[in-house]
Structures are given as structure tokens and as C-alpha cells.
Amino acid sequence: MTTKDKILKTLRENPRTVSELAKEFGLARTAITTQLDRLSSDGLIEKGTMRSSSGAGKPAQEYKTVAGTEDFGSSAYLPFVTTLLEHLPKHLDNKQRKKLLQTVGKDMAEKAGLLSEKNKSKTLEEKIEAAIAVVNELGATAKLIDNENDITVRNVTCPLASAVRTEACVCDAVAAFFQEATGAKTKAACDRGENLVCRYVIKK
């Protein structure tokens with residue numbers, strides 16, 4: 001665990017001042033301040049209250065973690081989601097699973113800001129490129145392939161690969177994402193062979 005991670009873990013327990021952290025980790029104040037600046041830039045910590053001094057010195061600044069960042073760096077999501085998808089067939093039939101995951105895809109498009117009035121005024125190609133930018137930020141390497149009657153979004157680095165192998169309906173969620181983002185009919189045509197190749201065909 002790095003010093004940065006150790007400081008973050010310590011601040012999750014209780015707010016600390018620079019002096020307290022320096023004493024606890026046996027480091028110079030400048031070294032602690034450097035790590036605090038990095039954590040602050042990452043949006044993980046913030047300044048708390050000013051702690052009054054018992055002597056004649058100036059009040060000391062406390063640092064604390066930002067609420068909602070407790071899962072930063074978590075590796076629990078993939079096994080959790082994969083296990084959840086494994087159990088879906090036991091509780092929902094194929095039609096119900098497909099409908100649920102399509103709703104998820106549509107909601108993701110909205111939360112990504114792809115349903116804004118500004119985005120709606122773009123051309124189909126521009127809308128697709130905006131949607132591709134979102135999925136590429138999540139770990140995909142998708143690209144647009146312009147055909148005569150449709151546009152294909154092809155991706156060979158699937159950020160949902162483990163989930164897709166567990167539940168094929170996940171592809172329907174991504175198709176719904178592109179359909180909602182573009183306003184054009186979209187269908188999944190993914191290759192689930194040894195190496196996954198994602199394909200989403202968007203009607204012109």
C-alpha cells in the first residue's frame with residue numbers, strides 16, 4: 001500500500017491535521033502536504049474544520065474524506081455484477097431480463113448527457129461518435145464503420161466481457177444505450193466466440 005493510500009485510509013477513520021499525519025507516518029510536513037494535494041486533486045479528500053490550538057499557535061486545518069468516495073479503487077463491482085447476472089435467469093425469464101437490461105441501457109444514455117437538446121440537434125454520425133466517446137471512456141475501443149444502409153459500431157475491447165459471457169442480454173443493454181443516444185433503431189450483432197467482438201448496427 002502506498003503512502004497516499006495509507007493516508008486516505010487513515011482519514012477515512014478520522015479527520016487529521018498535517019502535523020498529526022506527519023507524526024503518525026514519520027514523514028516531513030512537506031511530504032504529507034504533497035500527498036494531501038494529490039488526494040484533493042483526485043476529489044477524495046477536502047478541508048474540514050479549523051481546529052483551535054490550546055496554545056498561542058494558529059488553528060490547525062483538518063482534512064477529511066469526501067462523502068461518497070468510500071468505494072474508490074474497489075474491485076468488488078465486477079464479481080458482484082457477474083454473480084447478480086448469474087442469478088437473473090432464476091428469477092426472470094428471457095423477455096423480462098431483456099426488458100430490464102434495455103431499461104438500464106437507456107438510463108445510462110440519459111445519465112451520460114446524451115439526451116440533451118444540444119446532442120439531439122447533432123447529425124446521426126455525430127450522435128454515434130458522442131456515444132462512442134462515452135463507452136471508450138469506460139474501457140472500450142469502439143469505432144464507427146459507415147455502410148450504405150447502416151452504421152456499425154465495432155469494438156474488440158469489451159469492458160463488459162465477463163458480464164456478457166454470463167448473460168448475453170447485456171448486449172441488448174448496450175444496444176439500447178446506442179438507440180437511446182442516437183434516436184435510431186439499433187440491434188446487437190455481437191460475436192461471442194473465443195474472442196468477443198461487439199457489433200451494434202444502427203439504421204440510417
# chains A, B, ... in the order shown; residues from 1 in each chain; ligands from 1

$ residues_around --residues "Asp37 (chain A)" --least-positions-apart "3" --cutoff "12 Å" --atoms "only C-alpha atoms" --output "ChimeraX atom specification"
/A:4,7-8,18,30-34,40-47,63

$ write_last_selection --atoms "C-alpha atoms" --output "short mmCIF file (atom, residue, chain, number, x, y, z; two decimals), in the first residue's frame"
data_model
loop_
_atom_site.label_atom_id
_atom_site.label_comp_id
_atom_site.auth_asym_id
_atom_site.auth_seq_id
_atom_site.Cartn_x
_atom_site.Cartn_y
_atom_site.Cartn_z
CA LYS A 4 -1.06 8.04 -0.42
CA ILE A 7 -3.14 8.47 4.38
CA LEU A 8 -6.51 8.03 2.70
CA VAL A 18 -0.91 17.78 8.66
CA THR A 30 6.04 18.84 3.07
CA ALA A 31 5.81 15.14 2.16
CA ILE A 32 2.39 14.89 3.79
CA THR A 33 1.20 18.09 2.12
CA THR A 34 2.23 16.73 -1.29
CA SER A 40 -7.53 16.60 -3.04
CA SER A 41 -6.94 16.81 -6.82
CA ASP A 42 -8.42 13.31 -7.15
CA GLY A 43 -11.53 14.53 -5.33
CA LEU A 44 -11.01 12.09 -2.47
CA ILE A 45 -10.38 14.47 0.43
CA GLU A 46 -11.34 18.00 1.39
CA LYS A 47 -10.61 20.53 4.10
CA TYR A 63 -8.51 17.12 6.38
#

$ select_by_dssp --residues "region 85-191 of chain A" --states "strand (DSSP E or B)" --output "number ranges by chain"
A: 143-146, 150-155, 186-188, 191

$ write_last_selection --atoms "N, CA and C atoms" --output "CSV table (one decimal), in the first residue's frame"
chain,number,residue,atom,x,y,z
A,143,LYS,N,-15.2,1.9,-32.6
A,143,LYS,CA,-15.1,2.8,-33.8
A,143,LYS,C,-16.3,2.7,-34.7
A,144,LEU,N,-16.5,3.7,-35.5
A,144,LEU,CA,-17.7,3.8,-36.3
A,144,LEU,C,-17.3,3.3,-37.7
A,145,ILE,N,-18.1,2.4,-38.3
A,145,ILE,CA,-17.9,1.9,-39.6
A,145,ILE,C,-19.2,2.3,-40.4
A,146,ASP,N,-19.0,3.2,-41.4
A,146,ASP,CA,-20.1,3.7,-42.2
A,146,ASP,C,-20.4,2.8,-43.4
A,150,ASP,N,-26.6,1.4,-43.1
A,150,ASP,CA,-26.5,1.5,-41.7
A,150,ASP,C,-25.1,1.9,-41.3
A,151,ILE,N,-24.9,2.1,-40.0
A,151,ILE,CA,-23.6,2.4,-39.4
A,151,ILE,C,-23.4,1.3,-38.3
A,152,THR,N,-22.2,0.7,-38.4
A,152,THR,CA,-21.9,-0.3,-37.4
A,152,THR,C,-20.9,0.3,-36.4
A,153,VAL,N,-21.1,0.0,-35.1
A,153,VAL,CA,-20.2,0.4,-34.1
A,153,VAL,C,-19.5,-0.9,-33.7
A,154,ARG,N,-18.2,-1.0,-34.0
A,154,ARG,CA,-17.4,-2.3,-33.7
A,154,ARG,C,-16.4,-2.0,-32.6
A,155,ASN,N,-16.3,-3.0,-31.7
A,155,ASN,CA,-15.4,-2.9,-30.6
A,155,ASN,C,-14.8,-4.3,-30.3
A,186,THR,N,-31.4,0.4,-33.3
A,186,THR,CA,-30.1,-0.3,-33.2
A,186,THR,C,-30.3,-1.7,-32.7
A,187,LYS,N,-29.5,-2.6,-33.3
A,187,LYS,CA,-29.6,-4.0,-32.8
A,187,LYS,C,-28.2,-4.6,-32.6
A,188,ALA,N,-28.1,-5.5,-31.6
A,188,ALA,CA,-26.8,-6.1,-31.3
A,188,ALA,C,-26.5,-7.2,-32.3
A,191,ASP,N,-20.3,-11.0,-31.8
A,191,ASP,CA,-19.7,-12.3,-32.0
A,191,ASP,C,-19.2,-12.8,-30.6

$ closest_residue --among "A:Gly105, A:Pro15, A:Ala76, A:Leu114" --to "Ala60 (chain A)" --atoms "only C-alpha atoms"
A:Pro15

$ residues_around --residues "Lys118 (chain A)" --least-positions-apart "5" --cutoff "12 Å" --atoms "only C-alpha atoms" --output "list in words"
Gly113, Thr123, Glu126, Lys127, Ala130 and Ala181 of chain A

$ write_last_selection --atoms "C-alpha atoms" --output "PDB file, in the first residue's frame"
ATOM      1  CA  GLY A 113     -25.946  13.512 -21.035  1.00  0.00           C
ATOM      2  CA  THR A 123     -26.270  14.564 -37.088  1.00  0.00           C
ATOM      3  CA  GLU A 126     -22.120  12.976 -34.505  1.00  0.00           C
ATOM      4  CA  LYS A 127     -24.534  11.343 -32.064  1.00  0.00           C
ATOM      5  CA  ALA A 130     -20.595  11.089 -28.845  1.00  0.00           C
ATOM      6  CA  ALA A 181     -28.386   8.144 -27.613  1.00  0.00           C
TER       7      ALA A 181
END

$ closest_residue --among "A:Glu20, A:Thr157, A:Thr82, A:Ala142" --to "Val170 (chain A)" --atoms "only C-alpha atoms"
A:Thr82

$ residues_around --residues "Ile128 (chain A)" --least-positions-apart "4" --cutoff "7 Å" --atoms "only C-alpha atoms" --output "list of chain:residue names"
A:Leu124, A:Ile132, A:Thr182

$ write_last_selection --atoms "N, CA and C atoms" --output "PDB file, in the first residue's frame"
ATOM      1  N   LEU A 124     -26.661  12.160 -37.194  1.00  0.00           N
ATOM      2  CA  LEU A 124     -26.607  10.793 -36.684  1.00  0.00           C
ATOM      3  C   LEU A 124     -25.167  10.377 -36.398  1.00  0.00           C
ATOM      4  N   ILE A 132     -19.941   6.776 -28.671  1.00  0.00           N
ATOM      5  CA  ILE A 132     -18.702   6.005 -28.691  1.00  0.00           C
ATOM      6  C   ILE A 132     -17.702   6.582 -27.692  1.00  0.00           C
ATOM      7  N   THR A 182     -28.887   7.878 -29.985  1.00  0.00           N
ATOM      8  CA  THR A 182     -28.932   8.323 -31.383  1.00  0.00           C
ATOM      9  C   THR A 182     -30.338   8.562 -31.907  1.00  0.00           C
TER      10      THR A 182
END
